[in-house]
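Enquirer: File follows, my_file-v3.txt with compact mmCIF, C-alpha atoms and all ligand atoms:
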# COMPACT_ATOMS: atom_id res chain seq x y z
CA MET H 1 0.00 0.00 0.00
CA LYS H 2 1.14 3.54 -0.78
CA GLU H 3 0.07 6.54 1.27
CA LEU H 4 -0.16 10.24 0.43
CA LYS H 5 -1.36 13.15 2.49
CA VAL H 6 -3.47 16.19 1.74
CA GLU H 7 -2.00 18.80 4.06
CA LEU H 8 -4.77 21.06 5.31
CA GLY H 9 -3.93 21.67 8.97
CA GLU H 10 -6.56 20.10 11.20
CA ARG H 11 -8.46 18.90 8.12
CA SER H 12 -5.46 16.99 6.71
CA TYR H 13 -6.20 13.47 5.55
CA PRO H 14 -4.51 10.46 3.98
CA ILE H 15 -5.04 8.83 0.61
CA TYR H 16 -4.41 5.09 0.75
CA VAL H 17 -3.67 3.50 -2.64
CA GLY H 18 -3.26 -0.25 -3.04
CA ASP H 19 -4.56 -3.63 -4.12
CA GLY H 20 -7.19 -5.23 -1.85
CA LEU H 21 -7.62 -2.30 0.57
CA LEU H 22 -11.41 -2.65 0.72
CA ASN H 23 -10.92 -5.60 3.07
CA ASP H 24 -9.61 -3.13 5.66
CA ILE H 25 -12.53 -0.70 5.45
CA ALA H 26 -13.90 -1.34 8.96
CA THR H 27 -10.53 -1.08 10.69
CA THR H 28 -9.67 2.03 8.67
CA LEU H 29 -12.91 3.70 9.79
CA ALA H 30 -12.15 2.81 13.39
CA LYS H 31 -8.60 4.13 13.01
CA HIS H 32 -10.13 7.42 11.86
CA LYS H 33 -12.38 7.51 14.93
CA ILE H 34 -15.61 6.83 13.11
CA GLY H 35 -17.40 4.81 15.78
CA THR H 36 -20.15 2.21 15.65
CA LYS H 37 -22.79 4.04 17.74
CA SER H 38 -24.31 6.10 14.90
CA PRO H 39 -25.41 4.53 11.62
CA LEU H 40 -23.40 4.96 8.43
CA LEU H 41 -24.82 5.76 5.00
CA LEU H 42 -23.19 3.91 2.11
CA VAL H 43 -23.95 5.58 -1.24
CA SER H 44 -23.39 3.82 -4.54
CA ASP H 45 -24.85 3.51 -8.03
CA THR H 46 -26.66 0.65 -9.75
CA ASN H 47 -23.55 -0.68 -11.55
CA ILE H 48 -21.23 -0.54 -8.57
CA ALA H 49 -23.88 -1.89 -6.21
CA LYS H 50 -24.08 -5.10 -8.25
CA LEU H 51 -20.33 -5.59 -7.94
CA TYR H 52 -19.21 -4.32 -4.54
CA LEU H 53 -22.03 -3.06 -2.30
CA GLU H 54 -22.82 -6.30 -0.48
CA GLN H 55 -19.13 -6.99 0.08
CA VAL H 56 -18.51 -3.55 1.61
CA LYS H 57 -21.71 -3.62 3.67
CA SER H 58 -20.82 -7.06 5.07
CA LEU H 59 -17.30 -5.96 5.93
CA LEU H 60 -18.69 -2.95 7.76
CA GLU H 61 -21.32 -4.98 9.61
CA ALA H 62 -18.68 -7.49 10.62
CA GLY H 63 -16.86 -4.54 12.17
CA GLY H 64 -19.93 -3.68 14.24
CA TYR H 65 -21.34 -0.85 12.10
CA ARG H 66 -25.01 -0.33 11.27
CA VAL H 67 -25.25 0.51 7.58
CA ALA H 68 -28.01 2.14 5.53
CA THR H 69 -27.59 2.09 1.76
CA ALA H 70 -28.67 4.46 -1.01
CA VAL H 71 -28.25 3.28 -4.59
CA VAL H 72 -28.71 5.86 -7.34
CA ALA H 73 -29.06 5.33 -11.08
CA ALA H 74 -25.63 5.07 -12.73
CA GLY H 75 -24.60 8.13 -14.73
CA GLU H 76 -24.15 11.87 -14.65
CA LYS H 77 -27.90 12.62 -14.48
CA SER H 78 -27.87 11.43 -10.85
CA LYS H 79 -25.82 14.47 -9.88
CA SER H 80 -29.03 16.42 -9.24
CA LEU H 81 -30.84 18.13 -6.38
CA ALA H 82 -33.75 15.70 -6.78
CA VAL H 83 -31.53 12.63 -6.30
CA MET H 84 -29.78 14.36 -3.42
CA GLU H 85 -33.12 14.84 -1.67
CA ASP H 86 -33.92 11.12 -2.10
CA ILE H 87 -30.63 10.22 -0.41
CA ILE H 88 -31.36 12.59 2.46
CA THR H 89 -34.72 10.84 2.92
CA VAL H 90 -32.87 7.52 3.27
CA ALA H 91 -30.49 9.13 5.78
CA LEU H 92 -33.33 10.50 7.91
CA GLU H 93 -35.29 7.27 7.81
CA ALA H 94 -32.19 5.32 8.86
CA GLY H 95 -31.64 7.67 11.80
CA LEU H 96 -28.31 9.16 10.75
CA ASP H 97 -27.23 11.76 13.29
CA ARG H 98 -24.49 14.36 13.44
CA ASN H 99 -21.93 11.71 14.45
CA SER H 100 -22.75 9.56 11.44
CA ALA H 101 -20.60 9.37 8.33
CA VAL H 102 -21.48 9.14 4.66
CA ILE H 103 -19.38 6.76 2.56
CA ALA H 104 -19.15 7.21 -1.20
CA LEU H 105 -18.48 3.91 -2.96
CA GLY H 106 -18.10 4.73 -6.63
CA GLY H 107 -16.84 7.04 -9.31
CA GLY H 108 -16.94 10.81 -9.47
CA VAL H 109 -20.71 10.97 -9.75
CA VAL H 110 -21.27 9.08 -6.50
CA GLY H 111 -18.36 10.91 -4.83
CA ASP H 112 -19.59 14.40 -5.76
CA LEU H 113 -23.20 13.59 -4.90
CA ALA H 114 -22.60 11.74 -1.62
CA GLY H 115 -20.06 14.39 -0.67
CA PHE H 116 -22.61 17.15 -1.13
CA VAL H 117 -25.10 15.16 0.93
CA ALA H 118 -22.44 14.88 3.67
CA ALA H 119 -21.69 18.61 3.43
CA SER H 120 -25.39 19.51 3.78
CA TYR H 121 -26.98 16.86 6.02
CA MET H 122 -27.55 18.43 9.44
CA ARG H 123 -25.13 21.15 8.23
CA GLY H 124 -22.32 18.69 7.69
CA VAL H 125 -21.33 15.18 8.74
CA ARG H 126 -18.15 13.22 8.15
CA PHE H 127 -17.43 11.76 4.77
CA VAL H 128 -15.29 8.95 3.35
CA GLN H 129 -14.28 8.41 -0.26
CA ILE H 130 -13.89 4.92 -1.75
CA PRO H 131 -13.17 5.72 -5.43
CA THR H 132 -13.85 2.91 -7.92
CA THR H 133 -12.96 4.57 -11.24
CA ILE H 134 -9.65 5.81 -12.63
CA LEU H 135 -11.19 9.24 -13.02
CA ALA H 136 -12.09 9.30 -9.34
CA HIS H 137 -8.40 9.66 -8.39
CA ASP H 138 -9.27 13.31 -9.15
CA SER H 139 -12.79 13.59 -7.73
CA SER H 140 -12.11 11.77 -4.45
CA VAL H 141 -9.28 14.11 -3.45
CA GLY H 142 -9.73 17.79 -2.74
CA GLY H 143 -13.20 18.17 -1.28
CA LYS H 144 -15.05 19.68 -4.24
CA VAL H 145 -18.56 18.22 -3.95
CA ALA H 146 -21.51 19.25 -6.08
CA VAL H 147 -24.56 18.51 -8.16
CA ASN H 148 -25.35 19.92 -11.59
CA HIS H 149 -27.88 22.51 -12.77
CA LYS H 150 -29.37 21.97 -16.23
CA LEU H 151 -27.59 25.10 -17.43
CA ALA H 152 -24.18 24.40 -15.93
CA LYS H 153 -22.05 21.70 -14.28
CA ASN H 154 -21.24 21.63 -10.57
CA VAL H 155 -22.76 25.01 -9.80
CA ILE H 156 -24.58 23.80 -6.65
CA GLY H 157 -21.94 22.58 -4.27
CA ALA H 158 -19.47 23.06 -1.45
CA PHE H 159 -15.95 22.29 -0.29
CA HIS H 160 -16.15 19.36 2.13
CA GLN H 161 -13.01 17.31 2.70
CA PRO H 162 -13.19 13.56 3.36
CA GLU H 163 -11.76 11.88 6.49
CA PHE H 164 -9.69 9.64 4.22
CA VAL H 165 -9.60 8.24 0.69
CA LEU H 166 -9.32 4.47 0.32
CA TYR H 167 -8.40 3.60 -3.26
CA ASP H 168 -8.53 -0.14 -3.86
CA ILE H 169 -7.19 -0.59 -7.38
CA ALA H 170 -8.59 -4.14 -7.52
CA THR H 171 -12.03 -2.57 -8.08
CA LEU H 172 -10.83 -0.96 -11.32
CA LYS H 173 -10.57 -4.31 -13.10
CA SER H 174 -14.34 -4.36 -13.72
CA LEU H 175 -14.42 -0.94 -15.44
CA PRO H 176 -15.87 -0.82 -18.96
CA GLU H 177 -13.31 0.14 -21.60
CA ARG H 178 -14.90 3.51 -22.36
CA GLU H 179 -14.67 4.45 -18.65
CA VAL H 180 -11.02 3.37 -18.55
CA ARG H 181 -10.24 5.74 -21.43
CA ALA H 182 -12.23 8.59 -19.87
CA GLY H 183 -10.41 8.12 -16.58
CA LEU H 184 -7.02 8.20 -18.26
CA SER H 185 -7.95 11.58 -19.73
CA GLU H 186 -8.04 13.25 -16.29
CA LEU H 187 -5.01 11.23 -15.18
CA VAL H 188 -2.80 12.49 -18.01
CA LYS H 189 -4.24 15.98 -17.31
CA GLU H 190 -2.38 15.94 -13.98
CA GLY H 191 0.81 15.58 -16.04
CA PHE H 192 -0.13 18.25 -18.57
CA ILE H 193 -0.55 20.81 -15.79
CA LEU H 194 2.45 20.10 -13.63
CA ASP H 195 4.60 17.12 -14.55
CA ARG H 196 6.09 16.56 -18.00
CA GLY H 197 7.79 13.38 -16.79
CA PHE H 198 4.39 11.93 -15.91
CA VAL H 199 3.05 12.75 -19.39
CA GLU H 200 6.05 10.89 -20.82
CA TYR H 201 5.30 7.95 -18.50
CA CYS H 202 1.66 7.84 -19.63
CA ASP H 203 2.72 8.10 -23.27
CA ALA H 204 5.27 5.28 -22.95
CA ASN H 205 2.92 3.06 -20.90
CA ALA H 206 -0.36 3.75 -22.71
CA GLU H 207 -0.90 0.09 -23.64
CA ARG H 208 -0.27 -1.12 -20.09
CA LEU H 209 -2.58 1.52 -18.61
CA LEU H 210 -5.34 0.72 -21.09
CA ALA H 211 -4.92 -2.97 -20.25
CA LEU H 212 -5.24 -2.11 -16.51
CA ASP H 213 -1.82 -3.51 -15.71
CA SER H 214 -1.75 -3.37 -11.89
CA GLU H 215 1.78 -2.07 -11.49
CA ALA H 216 1.42 0.69 -14.10
CA LEU H 217 -1.99 1.69 -12.76
CA GLU H 218 -0.91 1.82 -9.13
CA HIS H 219 2.11 3.93 -10.04
CA ALA H 220 0.11 6.30 -12.26
CA LEU H 221 -2.69 6.73 -9.73
CA TYR H 222 -0.17 7.41 -6.99
CA ILE H 223 1.45 10.15 -9.11
CA GLY H 224 -1.96 11.53 -10.21
CA CYS H 225 -3.28 11.65 -6.63
CA GLY H 226 0.02 13.21 -5.60
CA VAL H 227 -0.34 16.10 -8.08
CA LYS H 228 -3.90 16.66 -6.91
CA ALA H 229 -2.93 16.51 -3.22
CA LYS H 230 -0.07 18.97 -3.75
CA VAL H 231 -2.23 21.55 -5.51
CA VAL H 232 -5.12 21.24 -3.04
CA SER H 233 -2.74 21.47 -0.07
CA GLU H 234 -1.50 24.80 -1.43
CA ASP H 235 -4.88 26.29 -2.33
CA GLU H 236 -7.87 24.43 -0.89
CA LYS H 237 -10.64 26.78 -2.01
CA GLU H 238 -9.34 27.84 -5.42
CA GLY H 239 -8.20 31.30 -4.45
CA GLY H 240 -5.68 31.05 -7.29
CA LEU H 241 -3.39 28.08 -8.05
CA ARG H 242 -6.08 25.37 -7.77
CA ALA H 243 -7.69 26.68 -10.96
CA ILE H 244 -4.92 24.88 -12.90
CA LEU H 245 -6.69 21.57 -12.16
CA ASN H 246 -9.41 22.96 -14.42
CA LEU H 247 -7.33 22.57 -17.61
CA GLY H 248 -9.78 21.66 -20.38
CA HIS H 249 -12.84 22.22 -18.18
CA THR H 250 -14.10 25.58 -19.46
CA ILE H 251 -14.87 24.09 -22.86
CA GLY H 252 -15.34 20.57 -21.43
CA HIS H 253 -18.05 21.45 -18.89
CA ALA H 254 -19.91 23.46 -21.56
CA LEU H 255 -19.86 20.43 -23.87
CA GLU H 256 -21.21 18.16 -21.13
CA ALA H 257 -24.10 20.51 -20.36
CA VAL H 258 -24.99 21.18 -24.01
CA ALA H 259 -24.72 17.52 -25.10
CA GLY H 260 -27.05 16.57 -22.22
CA TYR H 261 -25.41 15.18 -19.08
CA GLY H 262 -23.97 11.71 -19.65
CA GLU H 263 -23.86 11.82 -23.48
CA LEU H 264 -20.21 12.82 -23.45
CA LEU H 265 -18.42 11.35 -20.43
CA HIS H 266 -16.61 13.88 -18.24
CA GLY H 267 -13.17 12.58 -19.22
CA GLU H 268 -14.12 12.66 -22.92
CA ALA H 269 -15.35 16.26 -22.70
CA ILE H 270 -12.16 17.25 -20.86
CA ALA H 271 -10.01 15.62 -23.56
CA ILE H 272 -11.68 17.82 -26.20
CA GLY H 273 -11.38 20.80 -23.84
CA MET H 274 -7.64 20.20 -23.38
CA VAL H 275 -7.14 20.25 -27.14
CA GLY H 276 -9.17 23.49 -27.21
CA ALA H 277 -6.96 25.03 -24.52
CA ALA H 278 -3.84 23.98 -26.44
CA ARG H 279 -5.23 25.57 -29.63
CA LEU H 280 -5.88 28.78 -27.68
CA SER H 281 -2.31 28.61 -26.46
CA GLU H 282 -1.12 28.67 -30.07
CA LYS H 283 -3.29 31.72 -30.73
CA LEU H 284 -1.58 33.42 -27.79
CA GLY H 285 1.81 32.91 -29.45
CA ASN H 286 2.96 29.63 -27.89
CA PRO H 287 4.29 26.82 -30.13
CA GLY H 288 1.72 24.90 -32.19
CA SER H 289 3.56 21.72 -31.16
CA ILE H 290 1.78 21.83 -27.77
CA ALA H 291 -1.59 21.25 -29.45
CA VAL H 292 -0.17 18.60 -31.79
CA GLU H 293 1.43 16.72 -28.89
CA THR H 294 -1.65 17.02 -26.64
CA GLU H 295 -3.83 15.64 -29.40
CA ARG H 296 -1.43 12.80 -30.23
CA ILE H 297 -1.33 11.56 -26.63
CA LEU H 298 -5.10 11.81 -26.14
CA ARG H 299 -5.70 9.92 -29.39
CA LYS H 300 -3.34 7.22 -28.14
CA PHE H 301 -5.79 6.67 -25.28
CA GLY H 302 -8.67 6.46 -27.77
CA LEU H 303 -10.19 9.73 -26.57
CA PRO H 304 -12.26 12.14 -28.66
CA VAL H 305 -10.41 15.31 -29.68
CA ARG H 306 -13.10 17.04 -31.76
CA ILE H 307 -16.41 18.67 -30.87
CA PRO H 308 -19.32 16.67 -32.31
CA ALA H 309 -20.33 18.64 -35.44
CA HIS H 310 -24.04 18.76 -34.54
CA MET H 311 -23.42 20.72 -31.34
CA ASP H 312 -24.54 24.33 -31.48
CA THR H 313 -21.71 26.85 -31.14
CA ASP H 314 -23.92 29.55 -29.58
CA ALA H 315 -25.15 27.09 -26.97
CA ILE H 316 -21.57 26.04 -26.17
CA MET H 317 -20.45 29.68 -25.89
CA SER H 318 -23.39 30.55 -23.68
CA ALA H 319 -22.77 27.52 -21.39
CA MET H 320 -19.16 28.68 -21.05
CA MET H 321 -20.34 31.98 -19.60
CA HIS H 322 -21.60 30.01 -16.57
CA ASP H 323 -18.13 28.68 -15.85
CA LYS H 324 -16.91 29.46 -12.34
CA LYS H 325 -13.83 31.04 -13.87
CA PHE H 326 -15.93 33.56 -15.81
CA LEU H 327 -15.42 36.59 -13.56
CA GLU H 328 -16.59 40.17 -14.02
CA GLY H 329 -17.05 39.69 -17.75
CA THR H 330 -13.62 38.09 -18.25
CA MET H 331 -12.98 34.51 -19.25
CA VAL H 332 -10.14 33.01 -17.25
CA PHE H 333 -8.54 30.16 -19.17
CA ILE H 334 -5.99 27.56 -18.12
CA ILE H 335 -3.47 27.64 -20.94
CA PRO H 336 -0.66 25.14 -21.50
CA THR H 337 2.59 27.01 -22.18
CA GLU H 338 4.54 23.78 -22.73
CA ILE H 339 3.84 20.12 -22.01
CA GLY H 340 3.78 19.91 -18.20
CA LYS H 341 3.25 23.65 -17.57
CA VAL H 342 0.16 25.86 -17.58
CA GLU H 343 -0.67 29.47 -16.83
CA ILE H 344 -3.85 31.12 -15.59
CA ASN H 345 -4.65 33.53 -18.40
CA LYS H 346 -7.13 36.40 -18.39
CA THR H 347 -6.44 37.71 -21.90
CA VAL H 348 -8.21 35.13 -24.03
CA SER H 349 -10.86 36.85 -26.13
CA ILE H 350 -14.34 35.41 -26.53
CA GLU H 351 -13.85 35.67 -30.35
CA SER H 352 -10.79 33.44 -30.28
CA VAL H 353 -12.63 30.86 -28.14
CA ARG H 354 -15.46 30.87 -30.71
CA GLU H 355 -12.95 30.38 -33.54
CA VAL H 356 -11.35 27.42 -31.76
CA VAL H 357 -14.76 25.86 -31.07
CA GLU H 358 -15.80 26.28 -34.72
CA ARG H 359 -12.54 24.75 -35.96
CA LEU H 360 -12.81 21.81 -33.58
CA LYS H 361 -16.26 21.12 -35.02
CA ARG H 362 -15.16 21.29 -38.66
CA GLU H 363 -11.96 19.22 -38.60
CA ASP H 364 -11.82 15.42 -38.84
N1 LIG U 401 -14.91 16.75 -7.31
C1 LIG U 401 -13.95 16.80 -8.18
O1 LIG U 401 -12.88 17.38 -7.92
C2 LIG U 401 -14.10 16.12 -9.50
C3 LIG U 401 -12.96 15.83 -10.27
C4 LIG U 401 -13.12 15.18 -11.47
C5 LIG U 401 -14.39 14.79 -11.88
N2 LIG U 401 -15.47 15.07 -11.09
C6 LIG U 401 -16.79 14.61 -11.49
O2 LIG U 401 -16.75 13.18 -11.58
C7 LIG U 401 -17.76 12.74 -12.46
C8 LIG U 401 -17.23 11.69 -13.39
O3 LIG U 401 -16.74 10.61 -12.64
P1 LIG U 401 -16.56 9.16 -13.26
O4 LIG U 401 -15.91 9.27 -14.58
O5 LIG U 401 -15.94 8.32 -12.22
O6 LIG U 401 -18.06 8.75 -13.58
P2 LIG U 401 -19.13 7.82 -12.86
O7 LIG U 401 -19.12 8.01 -11.40
O8 LIG U 401 -20.40 8.02 -13.59
O9 LIG U 401 -18.57 6.36 -13.16
C9 LIG U 401 -18.46 5.96 -14.50
C10 LIG U 401 -19.26 4.68 -14.81
O10 LIG U 401 -18.53 3.56 -14.35
C11 LIG U 401 -19.34 2.75 -13.50
N3 LIG U 401 -18.42 2.21 -12.50
C12 LIG U 401 -17.82 2.89 -11.49
N4 LIG U 401 -16.93 2.10 -10.89
C13 LIG U 401 -16.96 0.92 -11.52
C14 LIG U 401 -16.23 -0.29 -11.37
N5 LIG U 401 -15.26 -0.40 -10.48
N6 LIG U 401 -16.53 -1.32 -12.18
C15 LIG U 401 -17.49 -1.19 -13.14
N7 LIG U 401 -18.19 -0.07 -13.35
C16 LIG U 401 -17.92 0.97 -12.55
C17 LIG U 401 -20.39 3.67 -12.96
O11 LIG U 401 -21.55 2.96 -12.59
C18 LIG U 401 -20.63 4.58 -14.16
O12 LIG U 401 -21.51 3.96 -15.05
C19 LIG U 401 -18.28 13.97 -13.18
O13 LIG U 401 -19.51 14.33 -12.65
C20 LIG U 401 -17.24 15.03 -12.85
O14 LIG U 401 -17.79 16.31 -12.85
C21 LIG U 401 -15.34 15.72 -9.93
O1 LIG U 402 -10.34 19.77 -8.06
C1 LIG U 402 -10.38 20.71 -8.85
O2 LIG U 402 -10.20 21.87 -8.48
C2 LIG U 402 -10.66 20.48 -10.28
O3 LIG U 402 -10.80 21.41 -11.03
C3 LIG U 402 -10.73 19.06 -10.76
C4 LIG U 402 -11.62 18.88 -11.97
O4 LIG U 402 -11.11 17.75 -12.67
C5 LIG U 402 -13.06 18.56 -11.60
O5 LIG U 402 -13.78 18.20 -12.76
C6 LIG U 402 -13.79 19.61 -10.80
O6 LIG U 402 -15.04 19.12 -10.36
C7 LIG U 402 -14.08 20.85 -11.59
O7 LIG U 402 -14.37 21.84 -10.69
P1 LIG U 402 -15.31 23.08 -11.01
O8 LIG U 402 -15.05 23.99 -9.86
O9 LIG U 402 -14.88 23.63 -12.33
O10 LIG U 402 -16.69 22.56 -11.07
ZN ZN U 403 -12.57 17.10 -14.13
Give the structure from this file in structure tokens form.
Ligand SMILES: NC(=O)c1ccc[n+]([C@@H]2O[C@H](COP(=O)([O-])OP(=O)(O)OC[C@H]3O[C@@H](n4cnc5c(N)ncnc54)[C@H](O)[C@@H]3O)[C@@H](O)[C@H]2O)c1
Ligand SMILES: O=C(O)C(=O)C[C@@H](O)[C@H](O)[C@H](O)COP(=O)(O)O
Ligand SMILES: [Zn+2]

Expert:
Amino acid sequence: MKELKVELGERSYPIYVGDGLLNDIATTLAKHKIGTKSPLLLVSDTNIAKLYLEQVKSLLEAGGYRVATAVVAAGEKSKSLAVMEDIITVALEAGLDRNSAVIALGGGVVGDLAGFVAASYMRGVRFVQIPTTILAHDSSVGGKVAVNHKLAKNVIGAFHQPEFVLYDIATLKSLPEREVRAGLSELVKEGFILDRGFVEYCDANAERLLALDSEALEHALYIGCGVKAKVVSEDEKEGGLRAILNLGHTIGHALEAVAGYGELLHGEAIAIGMVGAARLSEKLGNPGSIAVETERILRKFGLPVRIPAHMDTDAIMSAMMHDKKFLEGTMVFIIPTEIGKVEINKTVSIESVREVVERLKRED
């Protein structure tokens, strides 16, 4: 097992990464002083529930915990206020109190949703992340929790840090291929923003990562979680630096909302968004090779790098105006200045964004 730490003073917490860690869930809860007197709420989705819910529930019960479960429909559409309210009903009916904890067993959808329940229920209860997708190396660390609004992604949410993150890479073996690719998109993003060596590792080990080779995956997730932990430790609430984790998200989130949540997976939309950001970089005078290289690596992972031609440019532009980085009429963009480095740029014009969007729709 490998261990990392998110350093946030009294809210610091560990990330445990390893093979078979789920077996230790009850002892890990006890170690983190989550006791057996108040019931727990285990949140999952329909796909994950079939695979791992009974196992985790039994392990917890064997450790003396009382466990209520809430299973939501798999997919992005479950990140909604309506589904959140249903989960809160389960929590109330099961008698969860302020000493209870909510456990997210799943990908980013379950993590963001259960996390926002934990942040809101009785004004905040403890929260544990058990990520089960590659993408969730990103969502389980850092405390951003949210649900979507039909006009914009993640605009109803909070910062609520977990007690710990338990990442059992054995669970990743059951991921569908499309989800593996989408997860690798956000994983290589951690390299694009801060670590050229990691991009080179992902490039050289693409086949092994796609084949879910345990050693390559454990190493890559450890590095990816490490980048995330470092950035969050320096800027928990996105006062500045943390915005770099949003590379590809200004365009990407707009595509997700306009396509209809779940049509384009988050990682797929971010892949297209990262190509968009690299094209904008070229417009700002940086080398065109950044966009070429970004695109080459994302294609290697079988990710989409073009905007579906049927998507309406005006709708995409208008969705972008709801981005959390759109401030006082200015679009703040995360721009790659070389592979492994980005800058937070406030000079990108709306016209150049429109041009890039149009071009990404027209090209093959
Ligand atoms: N909070 C953050 O900082 C943050 C960071 C990145 C992404 N996100 C959010 O995360 C979400 C995307 O997360 P995701 O890609 O994990 O999607 P997801 O949670 O929808 O999971 C993807 C699919 O894989 C299935 N699945 C999950 N684990 C599985 C397993 N082990 N075996 C088989 N199937 C499994 C799920 O049922 C689902 O169908 C988006 O909503 C995005 O906005 C949040
Ligand atoms: O943790 C962050 O900060 C990120 O930006 C990580 C992103 O990958 C993630 O998709 C996040 O949810 C986006 O945040 P938002 O504030 O743009 O909704
Ligand atoms: Zn993301």

Enquirer: Give me the residues of chain H that have any atom at most 6 Å from an atom of ligand LIG 401 (chain U); for each, the nearest atom pair and the distance in Å, rounded to one decimal. Use all atoms listed in the file, sort by chain and number, and format it as a tab-separated table.

Expert:
residue	atom	partner	partner_atom	distance
H:Asp45	CA	U:LIG401	O11	5.7
H:Asn47	CA	U:LIG401	O11	4.3
H:Ile48	CA	U:LIG401	O11	5.3
H:Ala74	CA	U:LIG401	O11	4.6
H:Gly75	CA	U:LIG401	O8	4.4
H:Glu76	CA	U:LIG401	O8	5.5
H:Gly106	CA	U:LIG401	N4	5.1
H:Gly107	CA	U:LIG401	O7	3.2
H:Gly108	CA	U:LIG401	O2	3.2
H:Val109	CA	U:LIG401	O7	3.7
H:Val110	CA	U:LIG401	O7	5.5
H:Asp112	CA	U:LIG401	N1	5.5
H:Thr132	CA	U:LIG401	N4	4.4
H:Thr133	CA	U:LIG401	N4	4.7
H:Leu135	CA	U:LIG401	O5	4.9
H:Ala136	CA	U:LIG401	O5	4.9
H:Asp138	CA	U:LIG401	C3	4.6
H:Ser139	CA	U:LIG401	C2	3.4
H:Lys144	CA	U:LIG401	N1	4.2
H:Val145	CA	U:LIG401	N1	5.2
H:Thr171	CA	U:LIG401	N5	4.6
H:Leu172	CA	U:LIG401	N5	4.5
H:Ser174	CA	U:LIG401	N6	4.1
H:Leu175	CA	U:LIG401	C15	3.8
H:Glu179	CA	U:LIG401	C9	5.8
H:Gly183	CA	U:LIG401	O4	6.0
H:His266	CA	U:LIG401	C19	5.3

Enquirer: Could you give me, as a ChimeraX atom specification, every polymer residue with an atom at most 12 Å away from an atom of ligand ZN 403 (chain U), counting all atoms listed in the file?

Expert: /H:107-109,112,134-142,144-145,153-154,182-190,228,243-253,256,265-271,273-274

Enquirer: Could you check the closest approach to Gly9 in chain H for each of H:Arg66, H:Lys37, H:Arg196, H:Glu234 and tell me which residue wins, using only C-alpha atoms?

Expert: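 That would be H:Glu234, the residue with the smallest distance to Gly9 in chain H.
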
Enquirer: For each of H:Asn345, H:Ser38, H:Thr294, H:Asn148, take the minimum atom-to-atom distance to ligand LIG 402 (chain U), counting only C-alpha atoms and all ligand atoms, then give the residue where this is smallest.

Expert: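 So, comparing all the options, the nearest one is H:Asn148.
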
Enquirer: I'd like to know which of H:His160, H:Arg123, H:His32, H:His219 is closest to Asn205 in chain H, using all atoms listed in the file.

Expert: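 Closest residue, counting all atoms listed in the file: H:His219.
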
Enquirer: Just give me the gap between atom O10 of ligand LIG 402 (chain U) and CA of Val71 in chain H in Å, one decimal is fine.

Expert: 23.4 Å

Enquirer: Using all atoms listed in the file, which of H:Val125, H:Ile344, H:Ile334, H:Ile316 sits nearest Ala254 in chain H?

Expert: H:Ile316

Enquirer: Set the distance at 9 Å and use all atoms listed in the file: which residues neighbour Lys150 in chain H once local chain neighbours fewer than 2 positions away are removed? I'd like the list as a VMD selection string.

Expert: chain H and resid 80 148 152 to 153 257 to 258 260 to 261

Enquirer: Let me see the file: selected residues, C-alpha atoms, as a PDB file, in the frame of the given file.

Expert:
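Just written: out.pdb:
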ATOM      1  CA  SER H  80     -29.030  16.420  -9.240  1.00  0.00           C
ATOM      2  CA  ASN H 148     -25.350  19.920 -11.590  1.00  0.00           C
ATOM      3  CA  ALA H 152     -24.180  24.400 -15.930  1.00  0.00           C
ATOM      4  CA  LYS H 153     -22.050  21.700 -14.280  1.00  0.00           C
ATOM      5  CA  ALA H 257     -24.100  20.510 -20.360  1.00  0.00           C
ATOM      6  CA  VAL H 258     -24.990  21.180 -24.010  1.00  0.00           C
ATOM      7  CA  GLY H 260     -27.050  16.570 -22.220  1.00  0.00           C
ATOM      8  CA  TYR H 261     -25.410  15.180 -19.080  1.00  0.00           C
TER       9      TYR H 261
END

Enquirer: Using all atoms listed in the file, which of the listed residues (H:Ser78, H:Ser318, H:Ser214, H:Ser233) sits closest to Leu255 in chain H?

Expert: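 Nearest candidate to Leu255 in chain H out of H:Ser78, H:Ser318, H:Ser214, H:Ser233: H:Ser318.
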
Enquirer: Restricting the calculation to all atoms listed in the file: of H:Val305, H:Met311, H:Ala291, H:Met331, which residue gets closest to Asp364 in chain H?

Expert: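 Counting all atoms listed in the file, the residue closest to Asp364 in chain H is H:Val305.
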
Enquirer: Please indicate the distance in Å from CA of Leu40 in chain H to CA of Ala101 in chain H, rounded to one decimal place.

Expert: 5.2 Å

Enquirer: Export range 346-351 of chain H, N, CA and C atoms, as an mmCIF file, in the first residue's frame; it's the structure right above.

Expert:
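The result, written out as result_38.cif:
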data_model
loop_
_atom_site.group_PDB
_atom_site.id
_atom_site.type_symbol
_atom_site.label_atom_id
_atom_site.label_comp_id
_atom_site.auth_asym_id
_atom_site.auth_seq_id
_atom_site.Cartn_x
_atom_site.Cartn_y
_atom_site.Cartn_z
ATOM 1 N N LYS H 346 -5.895 35.609 -18.360
ATOM 2 C CA LYS H 346 -7.134 36.402 -18.393
ATOM 3 C C LYS H 346 -7.271 37.188 -19.685
ATOM 4 N N THR H 347 -6.439 36.872 -20.693
ATOM 5 C CA THR H 347 -6.444 37.708 -21.896
ATOM 6 C C THR H 347 -7.082 37.025 -23.098
ATOM 7 N N VAL H 348 -7.620 35.838 -22.890
ATOM 8 C CA VAL H 348 -8.212 35.126 -24.029
ATOM 9 C C VAL H 348 -9.517 35.820 -24.434
ATOM 10 N N SER H 349 -9.640 36.153 -25.719
ATOM 11 C CA SER H 349 -10.863 36.849 -26.133
ATOM 12 C C SER H 349 -11.960 35.833 -26.460
ATOM 13 N N ILE H 350 -13.195 36.282 -26.259
ATOM 14 C CA ILE H 350 -14.337 35.408 -26.534
ATOM 15 C C ILE H 350 -14.338 35.013 -28.022
ATOM 16 N N GLU H 351 -13.891 35.954 -28.901
ATOM 17 C CA GLU H 351 -13.853 35.666 -30.350
ATOM 18 C C GLU H 351 -12.896 34.515 -30.649
#
